[in-house]
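J.: Take this structure, written in structure tokens, and hold onto it; I'll ask about it next.
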Amino acid sequence: MITSAVRTLATELTGDDLPAYVYDLTALRAHARAVRDALPPGLELYYAAKANPAPRILQALAPHVTGYEVASGGEVEHVRAAVPGAPLAFGGPGKTEGELRRALTLGVERFHVESEQELRLLAGAAQDAGIPDVDVLLRVNLPVAGAELGGAALAMGGRPSPFGLDPEAVERCLPLFSADSGSPLRLRLCGIHAHLASGLDAPAQVAVAAAIADWAAKLSERHGLGLTEVNVGGGMGVDYAHPDRRFDWAVYGQGMADLALRHPDLTLRIEPGRALTVYCGWYVTEVLDIKHSGGEAFAVVRGGTHHLRTPATKQHDQPFQVLPMDTGNTWTRPWPRPAVRAEPVTLVGQLCTPKDVLAGRIPVEELRVGDRVAFALAGAYAWNISHHDFLMHPRPGFHYLEE
Ligand SMILES: *Cc1c(COP(=O)(O)O)cnc(C)c1O
């Protein structure tokens, strides 16, 4: 599970160097290449930068992705600077006029428009800037029925949502693109975007993609739009309880290849975040204290959910591996080394809140003060979603390993 490069560094760092985020860029490149190879050649792979926007991560992905999905003015600036020249698709609700202007100035390649008002703001900004033919994808909040997911009792999208446009609202936007509407708009409707769910397995993701592409094709035909692109979003499943059960990119790639054959006029695009980068990062720390309370064992580690908020946000146990520290002078105190053996232990951080739990009641063979713990699946939605300043503990170190 842990790569040998990460394991080596995790045991070499001193206690004061911990906690640390350790990213294995070699593993990330290999994973991204495998994902790319599983997808049909014509399908475009964008990376959703919000999952982990660290420049080294963005750059390691560059040879394997077509572009990046960005969701704020900050991400537009940041990703442009980190990977100059890579195509950007700017999505997300509540884009301000200032952000739209700046994105136009920076030559952002595509805009995912979330509302009619946003479409009008973008048109105005494009006109003021004298920029013609701005490429727009309308984001649709499309209902996808359970039947389309192989009978799974699941309905997604189509529920009241702040994201995207309802199907009727998409149709209401169409006249704003028409050249003979007398409108001064300089926007080109090139396709449809949707991001309807997350955590689905490969067959369900293919079914959702098919529903979106079929709907877009019908819309295009009905109104003679000549749409050329469909972005079916991200949300490829990551199983935190079973890190080895990974999203089946081969099945997904085959399904998307079939879908591409059905829609030869459409370029299909996906924009996963989590499933691309989650596996490449570890949050490494050490056990500071071990005690029992009310008959249960607790291990307090350096750091906590202010660095790795994922388990608190998603209400799961972050998977981890114990790295026993037995060498040399690991234990020099004149009292016995606190330890738990063959019992469940709850791993908590240093915050004064009962919510600072990284993993609860997990059976361990042995865990002692001074042992290292490497939390896995910390490469996405981890450091960058955490409340770093709460309690003013030091920040973790950051290490990017590359062969
Ligand atoms: C967050 C987001 C993604 C990426 O989702 P993952 O679950 O990380 O794959 C893609 N598209 C949009 C619009 C998003 O908001």
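Labeling convention for the structure tokens: chains A, B, ... as they appear, residues from 1 per chain, ligands from 1 in order of appearance.
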Go through chain A and flag each residue having an atom no more than 8 Å from ligand 1; for those, report the closest pair of atoms plus their distance in Å to one decimal, using only C-alpha atoms and all ligand atoms, ordered by chain and rising number, as a tab-separated table.
T.:
residue	atom	partner	partner_atom_place_in_ligand_line	distance
A:Tyr47	CA	ligand 1	4 (C)	7.6
A:Ala48	CA	ligand 1	4 (C)	5.0
A:Ala49	CA	ligand 1	4 (C)	8.0
A:Lys50	CA	ligand 1	1 (C)	6.5
A:Ala51	CA	ligand 1	8 (O)	5.4
A:Glu69	CA	ligand 1	11 (N)	7.0
A:Ala71	CA	ligand 1	15 (O)	7.3
A:Gly91	CA	ligand 1	13 (C)	6.2
A:Gly92	CA	ligand 1	13 (C)	6.3
A:Ala194	CA	ligand 1	13 (C)	7.1
A:His195	CA	ligand 1	13 (C)	5.2
A:Ala197	CA	ligand 1	7 (O)	7.8
A:Ser198	CA	ligand 1	7 (O)	5.2
A:Gly199	CA	ligand 1	7 (O)	7.0
A:Gly233	CA	ligand 1	11 (N)	4.7
A:Gly234	CA	ligand 1	9 (O)	3.8
A:Gly235	CA	ligand 1	7 (O)	3.4
A:Met236	CA	ligand 1	9 (O)	5.4
A:Gly237	CA	ligand 1	7 (O)	7.4
A:Ile270	CA	ligand 1	10 (C)	8.0
A:Glu271	CA	ligand 1	10 (C)	5.1
A:Pro272	CA	ligand 1	9 (O)	3.5
A:Gly273	CA	ligand 1	8 (O)	3.4
A:Arg274	CA	ligand 1	8 (O)	3.7
A:Ala275	CA	ligand 1	9 (O)	5.9
A:Leu276	CA	ligand 1	9 (O)	7.7
A:Ala380	CA	ligand 1	8 (O)	7.7
A:Tyr381	CA	ligand 1	8 (O)	7.9
J.: Tell me, counting only C-alpha atoms, for each residue of stretch 227-303 of chain A within 6 Å of stretch 350-370 of chain A, which pair of atoms is nearest and how far apart they are in Å to one decimal, in rows ordered by chain and increasing number, as CSV.
T.:
residue,atom,partner,partner_atom,distance
A:Glu286,CA,A:Gly370,CA,5.8
A:Val287,CA,A:Val369,CA,4.9
A:Leu288,CA,A:Val369,CA,5.5
A:Asp289,CA,A:Val369,CA,5.6
A:Gly303,CA,A:Gln350,CA,5.8
J.: Give me, as an MDAnalysis selection string, the residues of stretch 61-183 of chain A that a backbone DSSP run labels alpha helix (DSSP H).
T.: chainID A and resid 61 73:82 97:105 116:129 167:173
J.: Quick one: residues within 12 Å of A:Leu13, only C-alpha atoms, excluding same-chain residues fewer than 3 positions away - as JSON, numbers by chain?
T.: {"A": [6, 7, 8, 9, 10, 16, 17, 18, 19, 20, 21, 22, 284, 285, 286, 325, 372, 397, 398, 399]}
J.: Need to verify the contact set: A:Met256, 8 Å, only C-alpha atoms, exclusion of same-chain residues closer than 3 positions in sequence. Can you return it as a list in words?
T.: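 Result of the neighbour search: Leu39, Pro40, Val206, Ala209, Tyr252, Gly253, Leu259 and Ala260 of chain A.
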J.: Record the distance separating atom CA of A:Leu100 and atom CA of A:Asp265, expressed in Å with one decimal.
T.: 29.2 Å
J.: Atom CA of A:Met1 and atom CA of A:Asp371 are how many Å apart?
T.: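 Separating atom CA of A:Met1 from atom CA of A:Asp371 is a distance of 17.9 Å.
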J.: I'd like to know which of A:Val232, A:Val170, A:Val35, A:Ala217 is closest to A:His193, using only C-alpha atoms.
T.: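 Looking only at the distances to A:His193, the closest residue turns out to be A:Val232.
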J.: Using DSSP on the backbone, list every residue of stretch 13-258 of chain A that comes out as strand (DSSP E or B), and give them as a PyMOL selection string.
T.: chain A and resi 20-24+44-48+67-70+88-90+110-113+134-140+144+156+165+187-193+200+229-231+236+238+246
J.: Taking only C-alpha atoms into account, which of A:Lys291, A:His242, A:Arg29, A:Lys218 comes nearest A:Arg337?
T.: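 Checking each of A:Lys291, A:His242, A:Arg29, A:Lys218 against A:Arg337, counting only C-alpha atoms, the winner is A:Lys291.
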J.: Could you give me, as a CSV table (one decimal) with C-alpha atoms, in the first residue's frame, the residues within 12 Å of A:Val70, counting only C-alpha atoms and dropping anything in the same chain fewer than 4 positions from it?
T.:
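And here's out.csv as it stands now:
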chain,number,residue,atom,x,y,z
A,46,TYR,CA,-9.1,17.3,-17.7
A,47,TYR,CA,-7.9,17.4,-14.0
A,48,ALA,CA,-10.2,19.2,-11.5
A,49,ALA,CA,-7.6,21.4,-9.8
A,50,LYS,CA,-9.6,21.8,-6.6
A,51,ALA,CA,-8.8,18.2,-5.6
A,52,ASN,CA,-5.1,19.2,-5.1
A,53,PRO,CA,-3.7,22.3,-6.8
A,58,LEU,CA,-0.3,19.9,-11.5
A,74,GLY,CA,-7.7,32.2,-7.8
A,75,GLU,CA,-7.5,28.8,-9.5
A,76,VAL,CA,-7.4,30.4,-12.9
A,77,GLU,CA,-4.4,32.5,-11.9
A,78,HIS,CA,-2.7,29.7,-10.0
A,79,VAL,CA,-3.0,27.0,-12.7
A,80,ARG,CA,-2.1,29.4,-15.5
A,86,ALA,CA,-2.4,24.2,-20.7
A,87,PRO,CA,-6.1,24.6,-21.7
A,88,LEU,CA,-8.4,25.7,-18.8
A,89,ALA,CA,-12.1,25.2,-18.4
A,90,PHE,CA,-13.5,27.7,-15.9
A,91,GLY,CA,-16.5,26.4,-13.9
A,92,GLY,CA,-18.1,26.9,-10.6
A,93,PRO,CA,-21.1,29.0,-9.3
A,95,LYS,CA,-18.3,33.8,-10.9
A,99,GLU,CA,-13.2,37.0,-12.3
A,103,ALA,CA,-10.2,34.9,-17.1
A,108,VAL,CA,-9.1,30.9,-20.6
A,109,GLU,CA,-10.2,28.4,-23.3
A,110,ARG,CA,-13.6,27.4,-22.0
A,111,PHE,CA,-16.3,28.7,-19.7
A,112,HIS,CA,-18.7,26.4,-18.0
A,271,GLU,CA,-12.7,16.1,-15.4
A,272,PRO,CA,-11.9,13.8,-12.4
A,273,GLY,CA,-10.0,15.2,-9.4
J.: Go ahead and compute the interatomic distance for atom CA of A:Ala81 and atom CA of A:Tyr68, in Å to one decimal.
T.: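 Calculated distance between atom CA of A:Ala81 and atom CA of A:Tyr68 is 12.4 Å.
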J.: Which one of A:Ala312, A:Glu44, A:Leu377, A:Pro167 sits closest to A:Leu266 if you count only C-alpha atoms?
T.: A:Glu44
J.: Closest to A:Ala32 among A:Gln59, A:Thr3, A:Thr11, A:Asn384, using only C-alpha atoms?
T.: A:Gln59
J.: Give the answer as one residue: which of A:Ala241, A:Ala126, A:Met392, A:Tyr400 has the shortest atom-to-atom distance to A:Pro55, using only C-alpha atoms?
T.: A:Tyr400
J.: For A:Leu200, which residue among A:Arg33, A:Arg246, A:Arg186, A:Arg101 is the nearest when counting only C-alpha atoms?
T.: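 Nearest to A:Leu200: A:Arg246.
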